[in-house]
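What follows is a set of notes on a single structure, which appears directly below.
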Amino acid sequence: MKRLFMVVIFIVAIQAHAASVQEQMEQNPAVKLAVEELVIANHILYDQNAVDGYGHISVRNPANPNTFFLARSVAPSVVKVEDIMEFDMDGKALNGDTRVAYGERFIHSGILKNRPDINSVIHGHASPILSYGLTGVTLKPVYHMSAFLGEGAPIFEIRNFAKPNPDTDMFISNSDLGDALSQTMGLQYFVLMRGHGYAAGADSIKKAVFRTVYAIQNASIQAEAMKMGQVQYLTPGEAATSKETIEKTIGRPWQLWTERVKKSQ
Ligand SMILES: [Zn+2]
C-alpha cells in the first residue's frame, strides 16, 4: 500500500513538472525557431532605435496558444536564449522560473489574451512616437511602409482605467491595465500610450518588428510634413491595398537587419 502511494506521488510529480523553455526547444523545432527569432528581434529593435535599455518583445508559444515567451528583465541588446522565460495569459511566470521579469509583461499578456490574431507584441518608448500621445494628434500612414496604421493609431489614457488613484506611475503593471490597453487597441495593430510609449502587434515576430520600425519612421516623417503644411495621408483604401503589398516583402528588411546585428556581435 505504501509502495502504491509512493508511485502515485511520483506520477503526480512528473505531471506537475512543466518542460522548461530549453526542454521545449529541444522537443519542438517550432519552439526553437520562435525563441531564436525572438532573441534576434530583441537585437534588431535596439539596432533600429525602437527600444533602448527599456522595451521588450514577446512571442506566443507555437506549441501552446495560452502561453508566451519573453526575456527576463534585461536590456534588449543583451538578450540571449537562456534569458527567455515563459508566461501564462495573466503574466505569471511558468516552469517554476523565479527570475526577475519585466514589470510591464501585462502589456504582452493583455494583448495576446484578447487578440488571437496577434502572436507577437512589442513595447517601447521611441521618442518620435511620444508627441502624438501627448498632443492627441493622430499618427496616420503618410506612406506605404506604415500602411498598417490604417485610419490612425488610438491613444491609451491610463487615467481612465487606473483605480483607485488615477495618478499612476504610468506603468501597465497588472492584468486589468493590460486588458484596458488591449481594449483601446481594439482591432488595430498599434496603440500609443500617453506619456509613455507604444505597443505594436502582428501575427509574426518579423511583421511586428517591421511594423514597429516603420511606425517610428512614419512618426518622424509626419511631424516634418506637418511643419511644412497640409499633409496628404494615405486614404483608407490606399492603406488597405498597400499594406497587403508591402507586408509580403518583409523578409527583405528582416534579412538586412539580421545581418547588421550579427556583424556587430
Ligand atoms: Zn514602458
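Please note that chains go A, B, ... in the order of the C-alpha cells, that every chain numbers its residues from 1, and that ligands are numbered from 1 in the order shown.
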
Please identify the residues whose atoms come within 7 Å of ligand 1, using only C-alpha atoms and all ligand atoms, and report them as an MDAnalysis selection string. chainID A and resid 54:55 104 123:125 171 196:197

Those residues with N, CA, C and O atoms, as a JSON list (two decimals), in the first residue's frame please?
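Saved result, out-v4.json, follows:
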[["chain", "number", "residue", "atom", "x", "y", "z"],
["A", 54, "TYR", "N", 15.26, 50.02, -22.21],
["A", 54, "TYR", "CA", 13.89, 49.60, -21.90],
["A", 54, "TYR", "C", 13.19, 49.16, -23.18],
["A", 54, "TYR", "O", 13.58, 49.56, -24.27],
["A", 55, "GLY", "N", 12.11, 48.41, -23.00],
["A", 55, "GLY", "CA", 11.35, 47.91, -24.14],
["A", 55, "GLY", "C", 11.53, 46.41, -24.25],
["A", 55, "GLY", "O", 12.52, 45.85, -23.76],
["A", 104, "GLU", "N", 6.30, 45.22, -16.96],
["A", 104, "GLU", "CA", 5.22, 45.51, -17.91],
["A", 104, "GLU", "C", 4.89, 44.32, -18.81],
["A", 104, "GLU", "O", 4.38, 44.49, -19.92],
["A", 123, "HIS", "N", 6.83, 46.45, -27.13],
["A", 123, "HIS", "CA", 6.59, 47.68, -26.37],
["A", 123, "HIS", "C", 7.89, 48.46, -26.27],
["A", 123, "HIS", "O", 8.95, 47.88, -26.04],
["A", 124, "GLY", "N", 7.80, 49.78, -26.46],
["A", 124, "GLY", "CA", 8.97, 50.63, -26.31],
["A", 124, "GLY", "C", 8.56, 52.07, -26.13],
["A", 124, "GLY", "O", 7.36, 52.40, -26.07],
["A", 125, "HIS", "N", 9.56, 52.96, -26.05],
["A", 125, "HIS", "CA", 9.33, 54.37, -25.74],
["A", 125, "HIS", "C", 9.98, 55.28, -26.77],
["A", 125, "HIS", "O", 10.39, 56.39, -26.44],
["A", 171, "PHE", "N", 2.91, 52.86, -15.54],
["A", 171, "PHE", "CA", 3.24, 51.50, -15.98],
["A", 171, "PHE", "C", 1.98, 50.63, -16.12],
["A", 171, "PHE", "O", 1.06, 50.75, -15.34],
["A", 196, "HIS", "N", 4.09, 57.81, -22.27],
["A", 196, "HIS", "CA", 4.82, 56.58, -22.01],
["A", 196, "HIS", "C", 5.47, 56.01, -23.28],
["A", 196, "HIS", "O", 6.68, 56.01, -23.40],
["A", 197, "GLY", "N", 4.69, 55.56, -24.25],
["A", 197, "GLY", "CA", 5.31, 54.94, -25.42],
["A", 197, "GLY", "C", 4.29, 54.34, -26.36],
["A", 197, "GLY", "O", 3.27, 54.96, -26.67]]

How close does segment 225-252 of chain A get to segment 130-146 of chain A? List, as JSON lines, each residue of segment 225-252 of chain A within 6 Å, its nearest atom pair and the distance in Å to one decimal, counting only C-alpha atoms.
{"residue": "A:Tyr233", "atom": "CA", "partner": "A:Val142", "partner_atom": "CA", "distance": 4.8}
{"residue": "A:Leu234", "atom": "CA", "partner": "A:Pro141", "partner_atom": "CA", "distance": 5.8}
{"residue": "A:Ser242", "atom": "CA", "partner": "A:His144", "partner_atom": "CA", "distance": 5.6}

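Ranking A:Val81, A:Ile250, A:Leu181, A:Leu94 by their shortest atom-to-atom distance to Ser204 of chain A, with only C-alpha atoms included, puts A:Ile250 first.
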
Report as a PyMOL selection string all protein, DNA and RNA residues lying within 6 Å of segment 64-79 of chain A, evaluated on only C-alpha atoms, omitting residues in the same chain fewer than 2 positions from it. chain A and resi 42-43+46+53+58-62+83-88+100-102

Using DSSP assignments from the backbone, pull out every residue in segment 138-249 of chain A that falls under strand (DSSP E) and give it to me as number ranges by chain. A: 155-156, 190-193, 197-202

Nearby residues (only C-alpha atoms) at most 10 Å from Ile205 of chain A, same-chain spacing under 5 positions excluded, as a list in words: Ala34, Glu37, Leu38, Ile40, Ala41, Ile57, Ser58, Val59, Arg60, Ile118, Asn119, Ser120, Val121, Ile122, Phe210 and Arg211 of chain A

Write out, as a PDB file, in the first residue's frame, the residues just selected, with N, CA, C and O atoms.
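As written to disk, out-v8.pdb reads:
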ATOM      1  N   ALA A  34      11.044  29.904 -32.848  1.00  0.00           N
ATOM      2  CA  ALA A  34      10.395  31.096 -32.274  1.00  0.00           C
ATOM      3  C   ALA A  34      11.306  31.766 -31.245  1.00  0.00           C
ATOM      4  O   ALA A  34      11.453  33.002 -31.243  1.00  0.00           O
ATOM      5  N   GLU A  37      14.348  33.356 -32.973  1.00  0.00           N
ATOM      6  CA  GLU A  37      13.925  34.564 -33.701  1.00  0.00           C
ATOM      7  C   GLU A  37      13.645  35.709 -32.724  1.00  0.00           C
ATOM      8  O   GLU A  37      13.940  36.873 -33.004  1.00  0.00           O
ATOM      9  N   LEU A  38      13.099  35.354 -31.563  1.00  0.00           N
ATOM     10  CA  LEU A  38      12.802  36.354 -30.534  1.00  0.00           C
ATOM     11  C   LEU A  38      14.089  37.038 -30.058  1.00  0.00           C
ATOM     12  O   LEU A  38      14.117  38.253 -29.845  1.00  0.00           O
ATOM     13  N   ILE A  40      16.939  37.370 -31.787  1.00  0.00           N
ATOM     14  CA  ILE A  40      17.420  38.251 -32.869  1.00  0.00           C
ATOM     15  C   ILE A  40      16.567  39.526 -32.920  1.00  0.00           C
ATOM     16  O   ILE A  40      17.088  40.630 -33.081  1.00  0.00           O
ATOM     17  N   ALA A  41      15.245  39.376 -32.754  1.00  0.00           N
ATOM     18  CA  ALA A  41      14.344  40.537 -32.802  1.00  0.00           C
ATOM     19  C   ALA A  41      14.690  41.552 -31.713  1.00  0.00           C
ATOM     20  O   ALA A  41      14.642  42.767 -31.945  1.00  0.00           O
ATOM     21  N   ILE A  57       9.976  42.516 -26.469  1.00  0.00           N
ATOM     22  CA  ILE A  57       9.170  41.832 -27.488  1.00  0.00           C
ATOM     23  C   ILE A  57       8.843  40.434 -26.994  1.00  0.00           C
ATOM     24  O   ILE A  57       9.690  39.764 -26.392  1.00  0.00           O
ATOM     25  N   SER A  58       7.610  40.004 -27.282  1.00  0.00           N
ATOM     26  CA  SER A  58       7.167  38.658 -26.892  1.00  0.00           C
ATOM     27  C   SER A  58       6.720  37.888 -28.124  1.00  0.00           C
ATOM     28  O   SER A  58       6.466  38.473 -29.182  1.00  0.00           O
ATOM     29  N   VAL A  59       6.608  36.557 -27.959  1.00  0.00           N
ATOM     30  CA  VAL A  59       6.002  35.724 -28.994  1.00  0.00           C
ATOM     31  C   VAL A  59       5.158  34.646 -28.317  1.00  0.00           C
ATOM     32  O   VAL A  59       5.549  34.098 -27.283  1.00  0.00           O
ATOM     33  N   ARG A  60       3.995  34.384 -28.904  1.00  0.00           N
ATOM     34  CA  ARG A  60       3.132  33.313 -28.408  1.00  0.00           C
ATOM     35  C   ARG A  60       3.842  31.975 -28.609  1.00  0.00           C
ATOM     36  O   ARG A  60       4.510  31.772 -29.637  1.00  0.00           O
ATOM     37  N   ILE A 118      -3.025  38.014 -33.039  1.00  0.00           N
ATOM     38  CA  ILE A 118      -1.687  38.579 -32.786  1.00  0.00           C
ATOM     39  C   ILE A 118      -0.835  37.535 -32.060  1.00  0.00           C
ATOM     40  O   ILE A 118      -1.263  36.951 -31.069  1.00  0.00           O
ATOM     41  N   ASN A 119       0.370  37.305 -32.575  1.00  0.00           N
ATOM     42  CA  ASN A 119       1.276  36.324 -31.965  1.00  0.00           C
ATOM     43  C   ASN A 119       2.556  36.940 -31.426  1.00  0.00           C
ATOM     44  O   ASN A 119       3.360  36.248 -30.792  1.00  0.00           O
ATOM     45  N   SER A 120       2.774  38.210 -31.718  1.00  0.00           N
ATOM     46  CA  SER A 120       3.991  38.864 -31.241  1.00  0.00           C
ATOM     47  C   SER A 120       3.668  40.314 -30.890  1.00  0.00           C
ATOM     48  O   SER A 120       2.976  41.002 -31.652  1.00  0.00           O
ATOM     49  N   VAL A 121       4.150  40.753 -29.729  1.00  0.00           N
ATOM     50  CA  VAL A 121       3.865  42.107 -29.232  1.00  0.00           C
ATOM     51  C   VAL A 121       5.186  42.798 -28.898  1.00  0.00           C
ATOM     52  O   VAL A 121       6.109  42.173 -28.372  1.00  0.00           O
ATOM     53  N   ILE A 122       5.257  44.081 -29.233  1.00  0.00           N
ATOM     54  CA  ILE A 122       6.452  44.885 -28.937  1.00  0.00           C
ATOM     55  C   ILE A 122       6.030  46.103 -28.131  1.00  0.00           C
ATOM     56  O   ILE A 122       5.001  46.720 -28.417  1.00  0.00           O
ATOM     57  N   PHE A 210       8.867  44.731 -38.241  1.00  0.00           N
ATOM     58  CA  PHE A 210       8.686  45.574 -39.438  1.00  0.00           C
ATOM     59  C   PHE A 210       7.736  46.742 -39.139  1.00  0.00           C
ATOM     60  O   PHE A 210       8.042  47.902 -39.410  1.00  0.00           O
ATOM     61  N   ARG A 211       6.594  46.428 -38.551  1.00  0.00           N
ATOM     62  CA  ARG A 211       5.590  47.466 -38.287  1.00  0.00           C
ATOM     63  C   ARG A 211       6.121  48.500 -37.295  1.00  0.00           C
ATOM     64  O   ARG A 211       5.875  49.713 -37.444  1.00  0.00           O
TER      65      ARG A 211
END

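Reported to one decimal place, the separation of atom CA of Ser20 of chain A from atom CA of Glu82 of chain A is 10.6 Å.
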
Min atom-atom distance to Leu256 of chain A from the set A:Asp47, A:Glu244, A:Glu36, A:Glu26, counting only C-alpha atoms, belongs to A:Asp47

Would you pick out the contacts of Gln188 of chain A at 12 Å or less, using only C-alpha atoms, so that residues sharing its chain but fewer than 2 positions from it are not included, and give the list as a compact mmCIF listing (two decimals) with N, CA and C atoms, in the first residue's frame?
# COMPACT_ATOMS: atom_id res chain seq x y z
N ILE A 111 -2.59 41.84 -24.54
CA ILE A 111 -2.87 41.84 -25.99
C ILE A 111 -2.95 40.41 -26.52
N ARG A 115 -6.32 39.11 -28.27
CA ARG A 115 -6.20 39.16 -29.74
C ARG A 115 -5.59 37.85 -30.28
N ASP A 117 -5.44 36.83 -33.10
CA ASP A 117 -4.79 37.04 -34.41
C ASP A 117 -3.38 37.61 -34.25
N ILE A 118 -3.03 38.01 -33.04
CA ILE A 118 -1.69 38.58 -32.79
C ILE A 118 -0.83 37.54 -32.06
N ALA A 147 1.53 51.48 -43.87
CA ALA A 147 0.10 51.45 -44.24
C ALA A 147 -0.75 50.74 -43.19
N PHE A 148 -0.13 49.85 -42.42
CA PHE A 148 -0.89 49.09 -41.41
C PHE A 148 -1.52 50.01 -40.36
N LEU A 149 -1.04 51.27 -40.27
CA LEU A 149 -1.62 52.20 -39.30
C LEU A 149 -3.07 52.55 -39.66
N GLY A 150 -3.47 52.23 -40.88
CA GLY A 150 -4.88 52.37 -41.29
C GLY A 150 -5.40 53.78 -41.11
N GLU A 151 -6.46 53.90 -40.32
CA GLU A 151 -7.06 55.23 -40.14
C GLU A 151 -6.48 55.96 -38.93
N GLY A 152 -5.42 55.38 -38.36
CA GLY A 152 -4.74 56.08 -37.27
C GLY A 152 -4.67 55.25 -36.00
N ALA A 153 -3.58 55.46 -35.25
CA ALA A 153 -3.37 54.68 -34.01
C ALA A 153 -4.17 55.29 -32.86
N PRO A 154 -4.91 54.47 -32.11
CA PRO A 154 -5.62 55.00 -30.94
C PRO A 154 -4.63 55.36 -29.82
N ILE A 155 -5.09 56.20 -28.90
CA ILE A 155 -4.23 56.62 -27.77
C ILE A 155 -4.82 56.09 -26.47
N LEU A 181 -5.53 48.29 -22.04
CA LEU A 181 -4.69 48.70 -23.17
C LEU A 181 -5.14 47.97 -24.44
N SER A 182 -5.39 46.67 -24.29
CA SER A 182 -5.83 45.87 -25.42
C SER A 182 -7.18 46.35 -25.95
N GLN A 183 -8.08 46.74 -25.03
CA GLN A 183 -9.39 47.26 -25.46
C GLN A 183 -9.23 48.55 -26.26
N THR A 184 -8.31 49.42 -25.82
CA THR A 184 -8.08 50.68 -26.55
C THR A 184 -7.49 50.38 -27.93
N MET A 185 -6.62 49.39 -28.00
CA MET A 185 -6.04 48.99 -29.28
C MET A 185 -7.13 48.51 -30.24
N GLY A 186 -8.17 47.91 -29.67
CA GLY A 186 -9.29 47.43 -30.49
C GLY A 186 -8.84 46.39 -31.47
N PHE A 190 -1.50 48.84 -33.54
CA PHE A 190 -0.57 49.80 -32.92
C PHE A 190 -1.38 50.68 -31.99
N VAL A 191 -0.87 50.89 -30.77
CA VAL A 191 -1.56 51.76 -29.84
C VAL A 191 -0.53 52.65 -29.15
N LEU A 192 -0.85 53.94 -29.06
CA LEU A 192 0.02 54.90 -28.37
C LEU A 192 -0.38 54.93 -26.90
N ALA A 199 2.64 50.29 -28.09
CA ALA A 199 2.62 48.82 -28.18
C ALA A 199 2.20 48.47 -29.60
N ALA A 200 2.90 47.49 -30.17
CA ALA A 200 2.62 47.05 -31.55
C ALA A 200 2.38 45.55 -31.55
N GLY A 201 1.60 45.07 -32.52
CA GLY A 201 1.34 43.64 -32.61
C GLY A 201 1.24 43.18 -34.05
N ALA A 202 1.50 41.87 -34.24
CA ALA A 202 1.36 41.27 -35.58
C ALA A 202 1.25 39.76 -35.39
N ARG A 211 6.59 46.43 -38.55
CA ARG A 211 5.59 47.47 -38.29
C ARG A 211 6.12 48.50 -37.29

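Taking only C-alpha atoms into account, Gly91 of chain A lies nearest to A:Leu177 out of the set A:Leu177, A:Ala30, A:Ala126, A:Ile44.
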
Determine which residues of segment 23-113 of chain A receive a DSSP assignment of alpha helix (DSSP H), computed from the backbone, and state them as a ChimeraX atom specification. /A:23-27,29-47,105-113

Please produce an output containing N, CA and C atoms for each residue in the selection, written as a JSON list (two decimals), in the first residue's frame.
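What ended up in again05.json:
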[["chain", "number", "residue", "atom", "x", "y", "z"],
["A", 23, "GLU", "N", 13.94, 22.81, -22.64],
["A", 23, "GLU", "CA", 13.44, 21.46, -22.96],
["A", 23, "GLU", "C", 12.44, 21.52, -24.11],
["A", 24, "GLN", "N", 11.58, 22.53, -24.10],
["A", 24, "GLN", "CA", 10.60, 22.66, -25.20],
["A", 24, "GLN", "C", 11.31, 22.93, -26.53],
["A", 25, "MET", "N", 12.41, 23.67, -26.48],
["A", 25, "MET", "CA", 13.17, 23.94, -27.70],
["A", 25, "MET", "C", 13.77, 22.65, -28.26],
["A", 26, "GLU", "N", 14.22, 21.78, -27.34],
["A", 26, "GLU", "CA", 14.82, 20.51, -27.77],
["A", 26, "GLU", "C", 13.76, 19.58, -28.36],
["A", 27, "GLN", "N", 12.53, 19.68, -27.83],
["A", 27, "GLN", "CA", 11.47, 18.76, -28.25],
["A", 27, "GLN", "C", 10.71, 19.23, -29.49],
["A", 29, "PRO", "N", 10.81, 21.80, -32.91],
["A", 29, "PRO", "CA", 11.55, 22.74, -33.78],
["A", 29, "PRO", "C", 10.86, 24.10, -33.91],
["A", 30, "ALA", "N", 9.52, 24.12, -33.85],
["A", 30, "ALA", "CA", 8.81, 25.40, -33.98],
["A", 30, "ALA", "C", 9.09, 26.31, -32.77],
["A", 31, "VAL", "N", 9.19, 25.70, -31.60],
["A", 31, "VAL", "CA", 9.51, 26.48, -30.40],
["A", 31, "VAL", "C", 10.94, 27.00, -30.49],
["A", 32, "LYS", "N", 11.85, 26.14, -30.95],
["A", 32, "LYS", "CA", 13.26, 26.53, -31.09],
["A", 32, "LYS", "C", 13.38, 27.74, -32.03],
["A", 33, "LEU", "N", 12.68, 27.64, -33.17],
["A", 33, "LEU", "CA", 12.73, 28.73, -34.15],
["A", 33, "LEU", "C", 12.17, 30.02, -33.56],
["A", 34, "ALA", "N", 11.04, 29.90, -32.85],
["A", 34, "ALA", "CA", 10.40, 31.10, -32.27],
["A", 34, "ALA", "C", 11.31, 31.77, -31.25],
["A", 35, "VAL", "N", 11.92, 30.97, -30.39],
["A", 35, "VAL", "CA", 12.77, 31.56, -29.33],
["A", 35, "VAL", "C", 14.02, 32.18, -29.95],
["A", 36, "GLU", "N", 14.62, 31.50, -30.92],
["A", 36, "GLU", "CA", 15.83, 32.05, -31.55],
["A", 36, "GLU", "C", 15.50, 33.34, -32.33],
["A", 37, "GLU", "N", 14.35, 33.36, -32.97],
["A", 37, "GLU", "CA", 13.92, 34.56, -33.70],
["A", 37, "GLU", "C", 13.64, 35.71, -32.72],
["A", 38, "LEU", "N", 13.10, 35.35, -31.56],
["A", 38, "LEU", "CA", 12.80, 36.35, -30.53],
["A", 38, "LEU", "C", 14.09, 37.04, -30.06],
["A", 39, "VAL", "N", 15.14, 36.26, -29.91],
["A", 39, "VAL", "CA", 16.43, 36.81, -29.46],
["A", 39, "VAL", "C", 16.97, 37.79, -30.52],
["A", 40, "ILE", "N", 16.94, 37.37, -31.79],
["A", 40, "ILE", "CA", 17.42, 38.25, -32.87],
["A", 40, "ILE", "C", 16.57, 39.53, -32.92],
["A", 41, "ALA", "N", 15.24, 39.38, -32.75],
["A", 41, "ALA", "CA", 14.34, 40.54, -32.80],
["A", 41, "ALA", "C", 14.69, 41.55, -31.71],
["A", 42, "ASN", "N", 15.05, 41.07, -30.54],
["A", 42, "ASN", "CA", 15.49, 41.98, -29.46],
["A", 42, "ASN", "C", 16.66, 42.83, -29.92],
["A", 43, "HIS", "N", 17.64, 42.19, -30.58],
["A", 43, "HIS", "CA", 18.84, 42.90, -31.02],
["A", 43, "HIS", "C", 18.51, 43.88, -32.15],
["A", 44, "ILE", "N", 17.64, 43.45, -33.07],
["A", 44, "ILE", "CA", 17.24, 44.32, -34.19],
["A", 44, "ILE", "C", 16.52, 45.57, -33.66],
["A", 45, "LEU", "N", 15.61, 45.37, -32.73],
["A", 45, "LEU", "CA", 14.83, 46.51, -32.21],
["A", 45, "LEU", "C", 15.75, 47.55, -31.57],
["A", 46, "TYR", "N", 16.79, 47.07, -30.91],
["A", 46, "TYR", "CA", 17.77, 48.01, -30.33],
["A", 46, "TYR", "C", 18.54, 48.71, -31.45],
["A", 47, "ASP", "N", 19.00, 47.93, -32.42],
["A", 47, "ASP", "CA", 19.79, 48.47, -33.53],
["A", 47, "ASP", "C", 19.00, 49.50, -34.33],
["A", 105, "ARG", "N", 5.12, 43.11, -18.29],
["A", 105, "ARG", "CA", 4.76, 41.90, -19.08],
["A", 105, "ARG", "C", 3.25, 41.85, -19.35],
["A", 106, "PHE", "N", 2.47, 42.61, -18.56],
["A", 106, "PHE", "CA", 1.00, 42.61, -18.74],
["A", 106, "PHE", "C", 0.56, 43.28, -20.05],
["A", 107, "ILE", "N", 1.44, 44.08, -20.65],
["A", 107, "ILE", "CA", 1.16, 44.60, -22.00],
["A", 107, "ILE", "C", 1.03, 43.40, -22.95],
["A", 108, "HIS", "N", 1.95, 42.47, -22.80],
["A", 108, "HIS", "CA", 2.00, 41.29, -23.68],
["A", 108, "HIS", "C", 0.86, 40.33, -23.36],
["A", 109, "SER", "N", 0.66, 40.03, -22.07],
["A", 109, "SER", "CA", -0.40, 39.07, -21.73],
["A", 109, "SER", "C", -1.76, 39.64, -22.11],
["A", 110, "GLY", "N", -1.96, 40.96, -21.90],
["A", 110, "GLY", "CA", -3.26, 41.57, -22.21],
["A", 110, "GLY", "C", -3.58, 41.49, -23.70],
["A", 111, "ILE", "N", -2.59, 41.84, -24.54],
["A", 111, "ILE", "CA", -2.87, 41.84, -25.99],
["A", 111, "ILE", "C", -2.95, 40.41, -26.52],
["A", 112, "LEU", "N", -2.03, 39.54, -26.09],
["A", 112, "LEU", "CA", -2.04, 38.16, -26.62],
["A", 112, "LEU", "C", -3.29, 37.40, -26.18],
["A", 113, "LYS", "N", -3.80, 37.72, -24.97],
["A", 113, "LYS", "CA", -5.00, 37.05, -24.47],
["A", 113, "LYS", "C", -6.24, 37.48, -25.27]]

When you draw a straight line from atom CA of Ile216 of chain A to atom CA of Pro253 of chain A, how long is it in Å? 15.1 Å

So, counting only C-alpha atoms, which residue among A:Ala50, A:Ala180, A:Gly229, A:Asp167 is closest to Val213 of chain A? A:Ala50
